[in-house]
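Have a look at entry.cif below; it lists mmCIF, C-alpha atoms.
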data_run
loop_
_atom_site.label_atom_id
_atom_site.label_comp_id
_atom_site.auth_asym_id
_atom_site.auth_seq_id
_atom_site.Cartn_x
_atom_site.Cartn_y
_atom_site.Cartn_z
CA MET A 801 20.80 11.96 43.94
CA GLY A 802 21.73 13.51 47.28
CA LYS A 803 21.52 11.43 50.41
CA THR A 804 20.30 12.48 53.84
CA ALA A 805 22.45 11.26 56.74
CA ILE A 806 20.50 9.14 59.20
CA ASN A 807 21.35 6.89 62.10
CA LEU A 808 19.68 4.01 63.86
CA ASP A 809 17.96 6.33 66.33
CA SER A 810 16.39 8.46 63.61
CA VAL A 811 12.60 8.37 63.69
CA ILE A 812 11.14 7.99 60.20
CA ALA A 813 7.61 8.30 58.89
CA ARG A 814 5.71 8.20 55.62
CA ASN A 815 5.30 11.42 53.70
CA ASP A 816 1.52 11.93 53.68
CA ASP A 817 1.76 13.35 50.16
CA ILE A 818 2.72 9.96 48.76
CA VAL A 819 0.17 7.44 47.52
CA ALA A 820 1.30 3.90 46.86
CA GLY A 821 0.12 0.58 45.55
CA PHE A 822 1.06 -2.59 43.69
CA VAL A 823 0.87 -2.73 39.93
CA ASP A 824 1.34 -6.40 39.11
CA ALA A 825 4.49 -7.30 41.05
CA ASP A 826 5.85 -3.74 41.07
CA PHE A 827 5.38 -1.42 44.00
CA MET A 828 4.56 2.09 42.77
CA MET A 829 4.57 5.33 44.70
CA MET A 830 3.42 8.74 43.55
CA SER A 831 3.93 12.21 44.92
CA ILE A 832 0.69 14.18 45.15
CA GLU A 833 2.79 17.33 45.37
CA THR A 834 4.72 16.90 42.13
CA GLY A 835 2.93 14.13 40.22
CA ASP A 836 6.23 12.21 40.03
CA TYR A 837 6.14 8.42 40.11
CA TYR A 838 8.60 6.04 41.74
CA GLN A 839 8.97 2.32 41.45
CA SER A 840 10.35 0.27 44.29
CA ASN A 841 11.22 -3.32 45.02
CA GLN A 842 9.83 -5.75 47.58
CA MET A 843 11.88 -4.24 50.39
CA GLY A 844 10.47 -0.82 49.57
CA ALA A 845 6.96 -2.24 49.75
CA GLU A 846 7.69 -3.89 53.11
CA ILE A 847 9.20 -0.68 54.52
CA TRP A 848 6.18 1.32 53.35
CA GLU A 849 3.86 -1.13 55.05
CA ILE A 850 5.85 -1.03 58.32
CA LEU A 851 5.90 2.78 58.27
CA GLU A 852 2.14 2.96 58.60
CA SER A 853 3.24 4.04 62.06
CA PRO A 854 6.46 6.06 62.51
CA CYS A 855 9.35 4.14 64.02
CA THR A 856 13.09 4.31 64.48
CA VAL A 857 15.48 2.93 61.90
CA ALA A 858 16.60 0.40 64.51
CA ALA A 859 13.06 -0.88 65.00
CA LEU A 860 12.64 -1.10 61.25
CA CYS A 861 15.82 -3.17 61.02
CA ASP A 862 14.52 -5.50 63.77
CA ILE A 863 11.40 -6.28 61.74
CA LEU A 864 13.19 -6.67 58.42
CA GLU A 865 15.92 -8.86 59.95
CA SER A 866 13.30 -11.40 60.93
CA ARG A 867 11.43 -11.17 57.61
CA PHE A 868 14.41 -11.44 55.28
CA LYS A 869 16.56 -13.76 57.41
CA ALA A 870 19.67 -11.67 56.70
CA THR A 871 22.48 -10.83 59.13
CA ARG A 872 22.07 -7.70 61.22
CA ASP A 873 24.97 -5.78 59.72
CA VAL A 874 23.72 -6.45 56.18
CA VAL A 875 20.23 -5.32 57.11
CA GLU A 876 21.44 -2.13 58.79
CA ARG A 877 23.68 -1.25 55.88
CA GLU A 878 21.03 -1.89 53.22
CA VAL A 879 18.23 -0.24 55.19
CA THR A 880 20.13 2.93 56.07
CA THR A 881 21.22 3.35 52.43
CA PHE A 882 17.70 2.73 51.17
CA ILE A 883 16.06 5.00 53.76
CA SER A 884 18.51 7.79 52.91
CA GLU A 885 17.52 7.56 49.25
CA LEU A 886 13.81 7.56 50.10
CA ALA A 887 14.34 10.59 52.33
CA ALA A 888 16.28 12.39 49.60
CA GLN A 889 13.27 11.91 47.31
CA ASP A 890 10.94 13.09 50.09
CA ILE A 891 9.08 9.79 50.03
CA ILE A 892 9.67 9.38 53.75
CA ARG A 893 10.43 11.99 56.37
CA ILE A 894 12.89 12.00 59.22
CA THR A 895 10.98 13.42 62.16
CA GLU A 896 13.64 13.29 64.91
CA MET B 897 -27.13 31.17 32.15
CA SER B 898 -27.75 34.30 30.08
CA GLN B 899 -30.56 34.33 27.50
CA ARG B 900 -28.94 32.83 24.42
CA THR B 901 -29.45 29.82 22.23
CA GLU B 902 -28.85 26.69 24.24
CA TYR B 903 -27.69 23.42 22.73
CA ARG B 904 -28.13 20.25 24.78
CA HIS B 905 -26.00 17.16 24.34
CA THR B 906 -24.77 14.07 26.12
CA LEU B 907 -21.02 13.67 26.36
CA TYR B 908 -19.06 11.23 28.53
CA GLY B 909 -22.20 10.34 30.46
CA LEU B 910 -22.92 14.00 31.22
CA VAL B 911 -25.80 16.21 30.16
CA VAL B 912 -24.23 19.29 28.65
CA SER B 913 -25.93 22.62 28.05
CA SER B 914 -23.87 24.79 25.74
CA GLN B 915 -24.03 28.26 24.23
CA ILE B 916 -21.41 27.13 21.70
CA ALA B 917 -22.87 25.10 18.86
CA CYS B 918 -21.20 21.68 18.57
CA PRO B 919 -23.13 19.83 15.87
CA GLN B 920 -20.87 16.80 16.10
CA LEU B 921 -22.02 16.00 19.64
CA TYR B 922 -24.86 13.60 20.39
CA LYS B 923 -28.06 15.55 20.86
CA TYR B 924 -29.97 15.30 24.16
CA ASP B 925 -33.76 15.66 24.09
CA GLY B 926 -34.49 14.86 27.73
CA ASN B 927 -35.42 17.09 30.66
CA ALA B 928 -32.65 16.29 33.11
CA PRO B 929 -30.82 19.33 34.50
CA PRO B 930 -27.38 19.80 32.97
CA ASP B 931 -24.30 18.38 34.62
CA VAL B 932 -22.11 20.81 32.69
CA ILE B 933 -22.90 24.35 31.52
CA ILE B 934 -20.83 25.98 28.78
CA GLU B 935 -21.20 29.75 28.58
CA LYS B 936 -19.82 32.12 26.01
CA GLY B 937 -18.74 35.53 27.13
CA MET B 938 -16.03 37.62 28.71
CA VAL B 939 -13.60 35.68 30.88
CA ALA B 940 -11.66 37.81 33.37
CA ASP B 941 -7.89 37.70 33.05
CA ILE B 942 -7.43 36.10 36.45
CA VAL B 943 -10.64 34.93 38.04
CA HIS B 944 -8.87 33.41 40.97
CA PRO B 945 -5.12 33.68 41.61
CA GLY B 946 -3.52 30.73 39.87
CA LYS B 947 -1.53 28.59 42.22
CA TYR B 948 0.21 26.69 39.43
CA ARG B 949 1.39 28.08 36.10
CA GLY B 950 2.03 25.83 33.14
CA PHE B 951 2.08 25.90 29.34
CA LYS B 952 -0.76 28.20 28.30
CA PHE B 953 -2.65 27.61 31.55
CA GLU B 954 -2.78 28.29 35.24
CA ALA B 955 -4.63 26.25 37.82
CA SER B 956 -5.87 26.34 41.36
CA GLU B 957 -7.56 23.58 43.33
CA HIS B 958 -10.89 23.63 41.46
CA GLU B 959 -10.19 25.74 38.40
CA VAL B 960 -8.12 25.75 35.25
CA MET B 961 -7.66 28.93 33.21
CA ILE B 962 -6.48 28.30 29.65
CA LYS B 963 -5.25 31.13 27.43
CA THR B 964 -4.20 30.28 23.90
CA ASP B 965 -2.53 32.70 21.51
CA THR B 966 -5.13 32.74 18.74
CA ILE B 967 -8.29 30.86 19.69
CA ALA B 968 -9.87 31.68 23.04
CA ARG B 969 -9.60 32.19 26.75
CA MET B 970 -11.36 29.54 28.80
CA LEU B 971 -12.09 28.94 32.49
CA ILE B 972 -13.05 25.42 33.58
CA SER B 973 -14.54 25.43 37.04
CA ALA B 974 -15.43 22.73 39.56
CA GLY B 975 -16.20 20.10 36.95
CA SER B 976 -19.48 21.78 36.12
CA HIS B 977 -18.82 25.03 34.26
CA ILE B 978 -16.83 26.10 31.25
CA PHE B 979 -16.67 29.79 30.45
CA ILE B 980 -15.21 30.53 27.03
CA GLN B 981 -14.28 33.79 25.38
CA PRO B 982 -13.40 33.22 21.69
CA TYR B 983 -11.06 35.79 20.15
CA PRO B 984 -12.55 37.75 17.24
CA GLU B 985 -10.22 36.17 14.68
CA SER B 986 -10.78 32.56 15.72
CA SER B 987 -12.85 30.13 13.65
CA ASP B 988 -15.78 28.09 14.97
CA ASP B 989 -13.86 24.87 14.28
CA ASP B 990 -10.90 26.06 16.34
CA VAL B 991 -13.14 27.09 19.23
CA ARG B 992 -14.91 23.71 19.25
CA MET B 993 -11.59 21.88 19.05
CA LEU B 994 -10.30 23.76 22.09
CA LEU B 995 -13.54 23.36 24.01
CA LEU B 996 -13.94 19.64 23.34
CA GLY B 997 -10.22 18.97 23.72
CA TRP B 998 -8.43 20.86 26.50
CA GLY B 999 -11.70 22.17 27.93
CA MET B 1000 -13.32 18.77 28.40
CA GLY B 1001 -9.98 17.25 29.38
CA ALA B 1002 -9.67 19.66 32.31
CA LEU B 1003 -13.31 19.15 33.25
CA LEU B 1004 -12.96 15.36 33.31
CA HIS B 1005 -9.92 15.67 35.58
CA GLN B 1006 -12.00 17.86 37.90
CA ARG B 1007 -14.73 15.21 37.98
CA GLY B 1008 -12.29 12.41 38.75
CA ILE B 1009 -12.79 10.76 35.36
CA LEU B 1010 -9.55 9.67 33.73
CA PRO B 1011 -9.20 11.02 30.18
CA LEU B 1012 -6.91 8.94 27.98
CA HIS B 1013 -5.55 10.26 24.70
CA ALA B 1014 -7.06 7.29 22.92
CA ALA B 1015 -9.68 6.17 20.47
CA SER B 1016 -12.04 3.50 21.75
CA VAL B 1017 -14.19 1.04 19.82
CA VAL B 1018 -16.66 -1.74 20.65
CA PRO B 1019 -16.51 -5.03 18.70
CA PRO B 1020 -19.52 -6.23 16.71
CA THR B 1021 -19.68 -9.26 19.04
CA ASP B 1022 -20.58 -6.82 21.86
CA GLY B 1023 -17.50 -7.89 23.78
CA PRO B 1024 -15.51 -5.47 25.91
CA CYS B 1025 -14.19 -2.39 24.18
CA MET B 1026 -10.60 -1.62 23.32
CA ALA B 1027 -8.71 1.63 23.74
CA ILE B 1028 -6.08 2.63 21.19
CA CYS B 1029 -3.54 5.12 22.51
CA ALA B 1030 -1.23 6.95 20.16
CA ASN B 1031 0.34 10.35 19.68
CA SER B 1032 -1.14 12.58 17.02
CA GLY B 1033 0.01 11.55 13.56
CA THR B 1034 0.58 7.89 14.41
CA GLY B 1035 -2.57 6.71 12.66
CA LYS B 1036 -5.05 6.29 15.49
CA SER B 1037 -8.02 7.67 13.53
CA THR B 1038 -7.12 5.72 10.41
CA LEU B 1039 -7.03 2.52 12.44
CA THR B 1040 -10.34 3.48 14.04
CA ALA B 1041 -11.85 3.81 10.55
CA ALA B 1042 -10.58 0.31 9.75
CA PHE B 1043 -12.37 -1.07 12.80
CA LEU B 1044 -15.58 0.77 11.97
CA GLN B 1045 -15.53 -0.83 8.54
CA ARG B 1046 -15.33 -4.19 10.30
CA GLY B 1047 -18.58 -3.46 12.12
CA TYR B 1048 -17.15 -1.99 15.34
CA ARG B 1049 -18.91 0.92 17.00
CA LEU B 1050 -17.23 4.16 18.03
CA LEU B 1051 -17.06 5.47 21.60
CA ASP B 1052 -14.65 8.29 20.78
CA ASP B 1053 -11.91 9.05 18.29
CA ASN B 1054 -9.56 11.07 20.46
CA LEU B 1055 -10.42 11.27 24.15
CA SER B 1056 -11.52 8.10 25.96
CA ALA B 1057 -13.09 8.89 29.32
CA ILE B 1058 -12.50 6.11 31.82
CA LEU B 1059 -14.84 5.58 34.74
CA SER B 1060 -13.45 3.45 37.51
CA GLY B 1061 -15.79 1.57 39.80
CA ASP B 1062 -16.26 -2.15 40.37
CA LYS B 1063 -15.53 -2.37 36.67
CA ILE B 1064 -13.48 -0.12 34.44
CA SER B 1065 -15.63 1.39 31.71
CA ILE B 1066 -15.23 3.82 28.84
CA LEU B 1067 -17.93 6.47 28.56
CA PRO B 1068 -19.49 7.39 25.19
CA GLY B 1069 -17.92 10.52 23.76
CA CYS B 1070 -18.40 12.12 20.39
CA PRO B 1071 -19.70 10.39 17.24
CA GLU B 1072 -17.11 12.08 15.05
CA LEU B 1073 -14.09 10.75 13.22
CA LYS B 1074 -11.49 13.09 11.76
CA LEU B 1075 -9.31 11.78 8.97
CA GLY B 1076 -6.60 13.36 6.90
CA GLU B 1077 -7.11 13.61 3.13
CA GLN B 1078 -4.50 10.91 2.57
CA SER B 1079 -6.29 8.53 4.93
CA LEU B 1080 -9.59 9.06 3.12
CA GLU B 1081 -7.96 7.86 -0.08
CA LEU B 1082 -7.42 4.46 1.56
CA TRP B 1083 -11.15 3.85 1.67
CA SER B 1084 -13.17 3.33 -1.44
CA ARG B 1085 -15.99 1.43 0.12
CA ASP B 1086 -19.55 2.62 0.16
CA TRP B 1087 -20.03 3.28 3.85
CA ILE B 1088 -17.55 6.08 3.85
CA ARG B 1089 -19.17 7.78 0.87
CA GLU B 1090 -22.53 7.79 2.65
CA VAL B 1091 -21.24 9.56 5.74
CA PRO B 1092 -21.65 13.35 5.85
CA THR B 1093 -18.29 15.07 5.85
CA SER B 1094 -17.07 18.59 6.22
CA PRO B 1095 -13.61 20.18 6.27
CA CYS B 1096 -12.27 20.72 9.76
CA ARG B 1097 -8.96 22.57 9.90
CA ASP B 1098 -6.50 20.29 8.08
CA LYS B 1099 -8.70 17.20 8.31
CA ILE B 1100 -12.08 15.92 7.18
CA SER B 1101 -14.71 15.57 9.87
CA MET B 1102 -17.08 12.62 9.53
CA LEU B 1103 -20.24 12.41 11.60
CA LEU B 1104 -21.09 8.80 12.45
CA PRO B 1105 -24.23 8.57 14.60
CA LYS B 1106 -25.12 5.18 13.06
CA HIS B 1107 -21.72 3.81 14.06
CA PHE B 1108 -21.77 5.33 17.54
CA GLU B 1109 -22.03 3.43 20.83
CA LYS B 1110 -24.31 5.40 23.18
CA ASN B 1111 -23.67 3.43 26.36
CA ALA B 1112 -20.63 3.00 28.59
CA GLN B 1113 -18.75 -0.18 27.83
CA PRO B 1114 -16.39 -2.30 29.96
CA LEU B 1115 -12.74 -1.92 28.99
CA GLY B 1116 -11.25 -5.14 27.66
CA SER B 1117 -7.83 -4.20 26.32
CA VAL B 1118 -5.48 -1.31 25.65
CA PHE B 1119 -3.16 -0.95 22.69
CA ILE B 1120 -0.43 1.67 22.75
CA LEU B 1121 0.86 2.48 19.27
CA SER B 1122 4.15 4.11 18.44
CA THR B 1123 6.02 4.79 15.23
CA GLY B 1124 9.12 2.72 14.58
CA ASP B 1125 12.12 2.94 12.25
CA SER B 1126 12.50 -0.69 11.42
CA LEU B 1127 11.08 -2.74 8.55
CA ARG B 1128 9.81 -5.04 11.25
CA GLY B 1129 7.16 -3.99 13.73
CA ARG B 1130 7.10 -5.20 17.31
CA ILE B 1131 4.34 -6.22 19.68
CA LYS B 1132 4.93 -6.52 23.39
CA THR B 1133 2.69 -7.44 26.28
CA LEU B 1134 3.07 -4.83 28.99
CA ARG B 1135 2.95 -5.58 32.69
CA GLY B 1136 3.52 -3.93 36.02
CA SER B 1137 5.33 -0.63 36.17
CA GLU B 1138 6.05 -0.58 32.42
CA ALA B 1139 2.31 -0.72 31.70
CA PHE B 1140 1.64 1.85 34.40
CA PHE B 1141 4.19 4.35 33.09
CA LEU B 1142 3.13 4.04 29.46
CA LEU B 1143 -0.52 4.50 30.39
CA ASN B 1144 0.44 7.54 32.45
CA GLN B 1145 2.18 9.03 29.42
CA ASN B 1146 -1.10 8.77 27.54
CA ILE B 1147 -3.25 10.61 30.05
CA PHE B 1148 -4.87 13.51 28.22
CA CYS B 1149 -3.71 16.86 29.58
CA TYR B 1150 -2.14 15.31 32.67
CA ARG B 1151 -0.54 18.68 33.41
CA PHE B 1152 -3.98 20.04 34.37
CA ALA B 1153 -4.39 17.37 37.05
CA VAL B 1154 -0.92 18.17 38.41
CA GLY B 1155 -1.71 21.88 38.32
CA MET B 1156 -4.91 21.39 40.32
CA GLY B 1157 -2.95 19.46 42.91
CA ARG B 1158 -4.72 16.20 42.30
CA PRO B 1159 -2.47 13.90 40.26
CA GLU B 1160 -3.26 11.11 42.71
CA CYS B 1161 -6.89 10.93 41.64
CA HIS B 1162 -5.88 8.80 38.69
CA PHE B 1163 -3.27 6.68 40.46
CA GLU B 1164 -5.81 4.13 41.60
CA THR B 1165 -7.49 3.97 38.19
CA LEU B 1166 -4.19 3.53 36.38
CA ALA B 1167 -3.14 0.80 38.82
CA LYS B 1168 -6.50 -0.92 38.36
CA ILE B 1169 -6.19 -0.83 34.56
CA ALA B 1170 -2.59 -2.06 34.67
CA ASN B 1171 -3.56 -4.87 37.04
CA ARG B 1172 -6.75 -6.05 35.36
CA THR B 1173 -6.57 -5.18 31.67
CA PRO B 1174 -4.37 -6.71 28.96
CA ILE B 1175 -2.13 -3.94 27.64
CA PHE B 1176 0.01 -4.21 24.52
CA SER B 1177 2.51 -1.89 22.94
CA ILE B 1178 2.72 -1.98 19.15
CA GLU B 1179 5.74 -0.41 17.52
CA LEU B 1180 4.70 0.07 13.90
CA SER B 1181 6.97 -0.92 11.08
CA ARG B 1182 8.24 1.62 8.58
CA PRO B 1183 6.51 1.85 6.17
CA ARG B 1184 3.36 1.45 8.28
CA PRO B 1185 1.10 -1.51 7.68
CA HIS B 1186 -2.19 -0.89 5.94
CA PRO B 1187 -4.76 -0.08 8.65
CA ASP B 1188 -6.85 -3.09 7.58
CA ARG B 1189 -3.89 -5.36 8.24
CA LEU B 1190 -3.17 -3.68 11.57
CA ALA B 1191 -6.81 -4.06 12.62
CA ALA B 1192 -6.69 -7.77 11.67
CA MET B 1193 -3.49 -8.21 13.69
CA ILE B 1194 -5.09 -6.61 16.74
CA GLU B 1195 -8.16 -8.82 16.36
CA ASP B 1196 -5.89 -11.85 16.31
CA LEU B 1197 -4.20 -10.65 19.50
CA VAL B 1198 -7.56 -10.25 21.20
CA ALA B 1199 -8.66 -13.72 20.07
CA VAL B 1200 -5.39 -15.44 21.09
CA ASN B 1201 -5.50 -13.80 24.51
CA ARG B 1202 -9.21 -14.57 24.86
CA ILE B 1203 -10.02 -11.00 25.81
#
Could you quickly redo this structure as structure tokens?
Amino acid sequence: MGKTAINLDSVIARNDDIVAGFVDADFMMMSIETGDYYQSNQMGAEIWEILESPCTVAALCDILESRFKATRDVVEREVTTFISELAAQDIIRITE
Amino acid sequence: MSQRTEYRHTLYGLVVSSQIACPQLYKYDGNAPPDVIIEKGMVADIVHPGKYRGFKFEASEHEVMIKTDTIARMLISAGSHIFIQPYPESSDDDVRMLLLGWGMGALLHQRGILPLHAASVVPPTDGPCMAICANSGTGKSTLTAAFLQRGYRLLDDNLSAILSGDKISILPGCPELKLGEQSLELWSRDWIREVPTSPCRDKISMLLPKHFEKNAQPLGSVFILSTGDSLRGRIKTLRGSEAFFLLNQNIFCYRFAVGMGRPECHFETLAKIANRTPIFSIELSRPRPHPDRLAAMIEDLVAVNRI
């Protein structure tokens, strides 16, 4: 899977062609465009909720740092990797 | 509709007016205007430019055009019309199979009703119904026959139409069961001898109006059958994404929904079913259990899980 390079100043937003919801404890997302399904973990669900409004990667990290009680460098590393993968699948979009 | 013989039926909660005779469908004697009109006649090669091209079909937002090699050309439009042009060499059975299979499958997608490739039956206790998903050849119809012999009523043998609202319900389909010759040999009891039968392609069609459930029923459980290679079968309770994905694989003609650009219309229904309904996968042993034994096993599962 290819990865899209992003940085902390990148502004990210939901792809409007994705519908999402919980099935039991699993967070599912589906592309209206292709009919493909994706399954994500709790962090994916939290990121999707936060991205109801577009925000920068840095702002996203701020929120997740407080929710998950992890160190800042761990959060930034995990979030940027995860966001890159979501962007590569066109689940989220990088707007700036 | 042009001046031809009109046959009126109810199917999946819809009043259907058809120029194609489908004697297996439940007859409608009321005066309500039809929800669906089926017309027989010429179907233009491309009525509207197809946005999406798939296996033997093309689709745009509100239409699906199906073109098979030997049976018919069919246009399903806006969830309310089916235009069908049978080829001269096709048989009536083949035309009905296509119409009531792919044709109705596409129409249900257009109407936002989820079609599952499943048989569905209602227990004699009038409890919630169960849906039995399985690929063709796995033994779905044979198992359905076993349940009917236990006093269950039939909603449909092949396509279970799911209506999602406050509750999840299965709509009454067609009072017909199709069994292979080998499956018929399993049954020597009287009820099967009393049922009118007729050959239908490589199977025997049985019309079962006395065993048919005419009203929508709440969905209580889903069983997904598959063939196995082991002497030992396996039963598994499905949850979360595993349940979701397996259900998705059993959507009837899912490619039509994708082609019309509306795969998301079933996302919520699938999630609701996976969240609310007990779902089990049953990998059958090889050789397969007798359908009576399989039906008894499923009844035990329902009882143990208090469904």
To one decimal place, how far is atom CA of Ile1120 of chain B from atom CA of Glu1138 of chain B in Å?
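Value for the atom CA of Ile1120 of chain B-atom CA of Glu1138 of chain B distance: 11.9 Å.
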Atomic separation - atom CA of Arg1135 of chain B relative to atom CA of Ala1199 of chain B, Å
19.0 Å
Please report, as a tab-separated table, each residue of chain B lying at most 12 Å from chain A, together with the nearest pair of atoms and the separation in Å rounded to one decimal; use only C-alpha atoms, and order rows by chain and ascending residue number.
residue	atom	partner	partner_atom	distance
B:Tyr948	CA	A:Thr834	CA	11.1
B:Leu1134	CA	A:Asp824	CA	10.4
B:Arg1135	CA	A:Asp824	CA	6.7
B:Gly1136	CA	A:Asp824	CA	4.5
B:Ser1137	CA	A:Asp826	CA	5.8
B:Glu1138	CA	A:Asp826	CA	9.2
B:Ala1139	CA	A:Val823	CA	8.6
B:Phe1140	CA	A:Val823	CA	7.2
B:Phe1141	CA	A:Tyr837	CA	8.3
B:Leu1142	CA	A:Tyr837	CA	11.9
B:Asn1144	CA	A:Tyr837	CA	9.6
B:Gln1145	CA	A:Tyr837	CA	11.4
B:Tyr1150	CA	A:Gly835	CA	9.2
B:Arg1151	CA	A:Gly835	CA	8.9
B:Phe1152	CA	A:Gly835	CA	10.8
B:Ala1153	CA	A:Gly835	CA	8.6
B:Val1154	CA	A:Gly835	CA	5.9
B:Gly1155	CA	A:Thr834	CA	9.0
B:Met1156	CA	A:Glu833	CA	10.1
B:Gly1157	CA	A:Glu833	CA	6.6
B:Arg1158	CA	A:Ile832	CA	6.4
B:Pro1159	CA	A:Gly835	CA	5.4
B:Glu1160	CA	A:Ile832	CA	5.6
B:Cys1161	CA	A:Ile832	CA	9.0
B:His1162	CA	A:Gly835	CA	10.4
B:Phe1163	CA	A:Met830	CA	7.7
B:Glu1164	CA	A:Gly821	CA	8.0
B:Thr1165	CA	A:Val823	CA	10.9
B:Leu1166	CA	A:Val823	CA	8.8
B:Ala1167	CA	A:Val823	CA	5.5
B:Lys1168	CA	A:Val823	CA	7.7
B:Ile1169	CA	A:Val823	CA	9.1
B:Ala1170	CA	A:Val823	CA	6.3
B:Asn1171	CA	A:Asp824	CA	5.5
B:Arg1172	CA	A:Asp824	CA	8.9
B:Thr1173	CA	A:Asp824	CA	10.9
B:Pro1174	CA	A:Asp824	CA	11.7
Could you state which residues are captured by the PyMOL selection byres ((chain B and resi 956-960) around 10) in this file, as a ChimeraX atom specification?
/B:943-949,953-955,961-963,970-975,977-978,999,1002-1003,1005-1007,1152-1158
Taking 2 positions as the minimum chain separation for residues in the same chain, which residues sit within 9 Å of Asp809 of chain A when counting all atoms listed in the file? Answer as a PyMOL selection string.
chain A and resi 806-807+811+856-859+896
Residue members of the PyMOL selection byres ((chain B and resi 921) around 10) in the file shown, as a PyMOL selection string:
chain B and resi 903-907+912+917-920+922-924+996+1069-1072+1103+1105
Run through the PyMOL selection byres ((chain B and resi 1030) around 9) on the given coordinates and return the selected residues as a PyMOL selection string.
chain B and resi 1013-1015+1028-1029+1031-1036+1119-1122+1146
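Among the candidates B:Glu902, B:Asp1188, B:Glu1179, B:Asp1125, the residue lying nearest to Arg1046 of chain B is B:Asp1188 (atoms considered: all atoms listed in the file).
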Please measure the separation of atom CA of Val875 of chain A and atom CA of Cys861 of chain A, giving the value in Å to one decimal.
6.3 Å
